[in-house]
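Participant: One structure coming up, written as structure tokens, with questions to follow.
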Amino acid sequence: MTPDLFADQPAEPTTEILSEGALLLRQFATAKAQDLLSEIRQITAAAPMRHMKTPGGHTMSVAMSCCGSWGWVTDTRGYRYQAEDPCSGAPWPAMPSIFADLARSAACAAGYPDFTPNACLINCYEPGAKMGLHQDKDERDLSQPIVSVSLGLPQVFQFGGLTRSERPIKIPLGHGDVVVWGGPSRLRYHGVLTLKAGAHSLTGPRRYNLTFRCAR
Ligand code: MD6
Ligand code: FE
């Protein structure tokens, strides 16, 4: 009898198909997690986490920063990618090579060998934070997938259809899990439910999510 048989998460990487073009690579990033987190600390020292405003005037519960050539921003003027951090006016921090390498290898493992990320959105959820159902459609080239990396506390991902009305399925995402998302699934609605309180040995009371995109 091995304890792994009873663990909540598999100890080894496994792949699940969520829908055509969308794959869940469980534990794909676990071995790199400490290095990814130390890069997040360096990036957010230069481009601090902030709670952005939606065009409707609501303050987002998730805190965000970015790295790469393009960063995703929202304010009362709308959603967009821009090359400068609006807090400082400076270019976003460069995308670390371990970020780009991980994103490319996950995309490749999911059947997208040509993925070239030039934007990485860094989300930080604390207990009570969530992200409502949305489509990722601010990118110019929708033939490129998105690669999403979860670190720290688990959070339930909602994965819906191409219309908001389709009832989403719920998938718990744990530390090191990667979702790759493209092709006919690229515009599926998705979000995360409210983060529950907890403590993770590497991130404490929070979850980080990195989403890699080819923005423009
Ligand atoms: C999150 N993720 O997991 C939010 N978008 O915190 C996303 O919004 C997302 O995980 C596109 C593709 C994968 C994602
Ligand atoms: Fe998204």
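Residue numbering restarts at 1 for every chain of the structure tokens, chains are lettered A, B, ... in their displayed order, and ligands are numbered from 1 as they appear.
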Give me, as a list in words, all polymer residues having an atom no more than 12 Å from Ser61 of chain A, counting only C-alpha atoms and skipping those fewer than 3 positions away in the same chain.

Facilitator: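 Non-adjacent residues within range: Met49, Arg50, His51, Met52, Lys53, Thr54, His58, Met64, Asn123, Cys124, Tyr125, Glu126, Pro127, Gly128, Ala129, Lys130, Met131, Gly132, Val192, Leu193, Thr194 and Leu195 of chain A.
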
Participant: What do you get as a PyMOL selection string if you pick all residues at most 12 Å from ligand 2, counting only C-alpha atoms and all ligand atoms?

Facilitator: chain A and resi 72+120-123+130-139+145-149+157-160+179-182+186-192+209-213

Participant: Report as a VMD selection string all protein, DNA and RNA residues lying within 7 Å of segment 31-47 of chain A, evaluated on only C-alpha atoms, omitting residues in the same chain fewer than 6 positions from it.

Facilitator: chain A and resid 65 92 to 93 176

Participant: Mind giving me the straight-line distance from atom CA of Gly56 of chain A to atom CA of Cys87 of chain A in Å, one decimal?

Facilitator: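 Going from atom CA of Gly56 of chain A over to atom CA of Cys87 of chain A, I get 19.8 Å.
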
Participant: Determine, counting only C-alpha atoms, which protein, DNA and RNA residues have an atom within 8 Å of an atom of Gly183 of chain A; residues of the same chain fewer than 6 positions away are not included. Present the result as a ChimeraX atom specification.

Facilitator: /A:20-22,143-145

Participant: Quote the spacing between atom CA of Glu12 of chain A and atom CA of Gln27 of chain A in Å to one decimal place.

Facilitator: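 Spanning atom CA of Glu12 of chain A to atom CA of Gln27 of chain A is a straight-line distance of 6.6 Å.
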
Participant: Take atom CA of Arg104 of chain A and atom CA of Pro184 of chain A and report the distance between them in Å, one decimal.

Facilitator: 19.4 Å

Participant: From the options A:Thr163, A:Gln82, A:Gln155, A:Ser201, which residue's atoms come nearest to ligand 1, counting only C-alpha atoms and all ligand atoms?

Facilitator: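 The answer is A:Gln155, which sits nearest to ligand 1.
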
Participant: Write out as a PyMOL selection string the set of residues from segment 20-150 of chain A that DSSP, computed on the backbone, places in alpha helix (DSSP H).

Facilitator: chain A and resi 33-46+97-109

Participant: Could you pull out the strand (DSSP E or B) residues of chain A from DSSP and send them as a PyMOL selection string?

Facilitator: chain A and resi 14-19+22-26+50+53+59+63-68+70-75+78-82+84+91+119-125+131-134+146-152+155-159+169-173+178-181+190-192+200+204+207-213

Participant: Could you list, as a ChimeraX atom specification, every residue within 10 Å of Pro91 of chain A, counting only C-alpha atoms and ignoring same-chain residues fewer than 4 positions away?

Facilitator: /A:47,67-71,82-86

Participant: Store the residues of this selection in a file with all heavy atoms, as a PDB file, in the first residue's frame.

Facilitator:
ATOM      1  N   ALA A  47       7.166  45.665 -10.566  1.00  0.00           N
ATOM      2  CA  ALA A  47       5.803  45.980 -11.027  1.00  0.00           C
ATOM      3  C   ALA A  47       4.845  45.396  -9.993  1.00  0.00           C
ATOM      4  O   ALA A  47       4.389  44.262 -10.125  1.00  0.00           O
ATOM      5  CB  ALA A  47       5.557  45.387 -12.415  1.00  0.00           C
ATOM      6  N   CYS A  67       4.382  40.428 -16.849  1.00  0.00           N
ATOM      7  CA  CYS A  67       5.732  40.536 -17.384  1.00  0.00           C
ATOM      8  C   CYS A  67       5.679  40.165 -18.858  1.00  0.00           C
ATOM      9  O   CYS A  67       4.699  39.607 -19.332  1.00  0.00           O
ATOM     10  CB  CYS A  67       6.723  39.657 -16.610  1.00  0.00           C
ATOM     11  SG  CYS A  67       6.442  37.892 -16.777  1.00  0.00           S
ATOM     12  N   GLY A  68       6.752  40.515 -19.570  1.00  0.00           N
ATOM     13  CA  GLY A  68       6.793  40.277 -21.011  1.00  0.00           C
ATOM     14  C   GLY A  68       6.654  41.579 -21.780  1.00  0.00           C
ATOM     15  O   GLY A  68       6.578  42.662 -21.189  1.00  0.00           O
ATOM     16  N   SER A  69       6.611  41.464 -23.107  1.00  0.00           N
ATOM     17  CA  SER A  69       6.532  42.665 -23.948  1.00  0.00           C
ATOM     18  C   SER A  69       5.221  43.409 -23.780  1.00  0.00           C
ATOM     19  O   SER A  69       5.149  44.618 -23.999  1.00  0.00           O
ATOM     20  CB  SER A  69       6.675  42.279 -25.419  1.00  0.00           C
ATOM     21  OG  SER A  69       7.879  41.601 -25.620  1.00  0.00           O
ATOM     22  N   TRP A  70       4.178  42.658 -23.417  1.00  0.00           N
ATOM     23  CA  TRP A  70       2.850  43.255 -23.298  1.00  0.00           C
ATOM     24  C   TRP A  70       2.246  42.865 -21.960  1.00  0.00           C
ATOM     25  O   TRP A  70       2.379  41.727 -21.519  1.00  0.00           O
ATOM     26  CB  TRP A  70       1.927  42.761 -24.429  1.00  0.00           C
ATOM     27  CG  TRP A  70       2.443  43.108 -25.781  1.00  0.00           C
ATOM     28  CD1 TRP A  70       3.149  42.289 -26.620  1.00  0.00           C
ATOM     29  CD2 TRP A  70       2.330  44.359 -26.449  1.00  0.00           C
ATOM     30  NE1 TRP A  70       3.472  42.956 -27.763  1.00  0.00           N
ATOM     31  CE2 TRP A  70       2.978  44.235 -27.690  1.00  0.00           C
ATOM     32  CE3 TRP A  70       1.723  45.583 -26.115  1.00  0.00           C
ATOM     33  CZ2 TRP A  70       3.064  45.286 -28.601  1.00  0.00           C
ATOM     34  CZ3 TRP A  70       1.798  46.627 -27.027  1.00  0.00           C
ATOM     35  CH2 TRP A  70       2.455  46.472 -28.252  1.00  0.00           C
ATOM     36  N   GLY A  71       1.528  43.800 -21.352  1.00  0.00           N
ATOM     37  CA  GLY A  71       0.797  43.501 -20.120  1.00  0.00           C
ATOM     38  C   GLY A  71      -0.682  43.776 -20.333  1.00  0.00           C
ATOM     39  O   GLY A  71      -1.043  44.684 -21.087  1.00  0.00           O
ATOM     40  N   GLN A  82      -0.944  46.650 -23.091  1.00  0.00           N
ATOM     41  CA  GLN A  82      -0.042  47.770 -23.343  1.00  0.00           C
ATOM     42  C   GLN A  82       1.370  47.438 -22.886  1.00  0.00           C
ATOM     43  O   GLN A  82       1.575  46.574 -22.025  1.00  0.00           O
ATOM     44  CB  GLN A  82      -0.569  49.073 -22.748  1.00  0.00           C
ATOM     45  CG  GLN A  82      -0.667  49.097 -21.256  1.00  0.00           C
ATOM     46  CD  GLN A  82      -1.125  50.475 -20.757  1.00  0.00           C
ATOM     47  OE1 GLN A  82      -2.130  51.035 -21.219  1.00  0.00           O
ATOM     48  NE2 GLN A  82      -0.388  51.037 -19.818  1.00  0.00           N
ATOM     49  N   ALA A  83       2.347  48.107 -23.489  1.00  0.00           N
ATOM     50  CA  ALA A  83       3.760  47.782 -23.259  1.00  0.00           C
ATOM     51  C   ALA A  83       4.287  48.360 -21.958  1.00  0.00           C
ATOM     52  O   ALA A  83       5.322  47.903 -21.459  1.00  0.00           O
ATOM     53  CB  ALA A  83       4.597  48.274 -24.438  1.00  0.00           C
ATOM     54  N   GLU A  84       3.595  49.367 -21.389  1.00  0.00           N
ATOM     55  CA  GLU A  84       4.074  49.997 -20.159  1.00  0.00           C
ATOM     56  C   GLU A  84       3.143  49.688 -18.994  1.00  0.00           C
ATOM     57  O   GLU A  84       1.924  49.642 -19.157  1.00  0.00           O
ATOM     58  CB  GLU A  84       4.149  51.524 -20.308  1.00  0.00           C
ATOM     59  CG  GLU A  84       5.055  52.011 -21.412  1.00  0.00           C
ATOM     60  CD  GLU A  84       4.360  51.994 -22.761  1.00  0.00           C
ATOM     61  OE1 GLU A  84       3.106  52.059 -22.809  1.00  0.00           O
ATOM     62  OE2 GLU A  84       5.079  51.882 -23.778  1.00  0.00           O
ATOM     63  N   ASP A  85       3.732  49.554 -17.832  1.00  0.00           N
ATOM     64  CA  ASP A  85       2.968  49.439 -16.589  1.00  0.00           C
ATOM     65  C   ASP A  85       2.344  50.801 -16.288  1.00  0.00           C
ATOM     66  O   ASP A  85       3.076  51.786 -16.117  1.00  0.00           O
ATOM     67  CB  ASP A  85       3.934  49.014 -15.466  1.00  0.00           C
ATOM     68  CG  ASP A  85       3.249  48.915 -14.106  1.00  0.00           C
ATOM     69  OD1 ASP A  85       2.082  49.360 -13.975  1.00  0.00           O
ATOM     70  OD2 ASP A  85       3.892  48.405 -13.177  1.00  0.00           O
ATOM     71  N   PRO A  86       1.017  50.897 -16.223  1.00  0.00           N
ATOM     72  CA  PRO A  86       0.396  52.208 -15.976  1.00  0.00           C
ATOM     73  C   PRO A  86       0.763  52.798 -14.612  1.00  0.00           C
ATOM     74  O   PRO A  86       0.671  54.017 -14.426  1.00  0.00           O
ATOM     75  CB  PRO A  86      -1.110  51.929 -16.074  1.00  0.00           C
ATOM     76  CG  PRO A  86      -1.262  50.459 -15.940  1.00  0.00           C
ATOM     77  CD  PRO A  86       0.022  49.829 -16.404  1.00  0.00           C
TER      78      PRO A  86
END

Participant: For ligand 1, which of A:Pro13, A:Thr30, A:Leu102, A:Leu24 is the closest residue, counting only C-alpha atoms and all ligand atoms?

Facilitator: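 Ranked by minimum distance to ligand 1, first place goes to A:Leu24.
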
Participant: For ligand 1, which residue among A:Thr74, A:Thr116, A:Thr203, A:Ser185 is the nearest when counting only C-alpha atoms and all ligand atoms?

Facilitator: A:Ser185
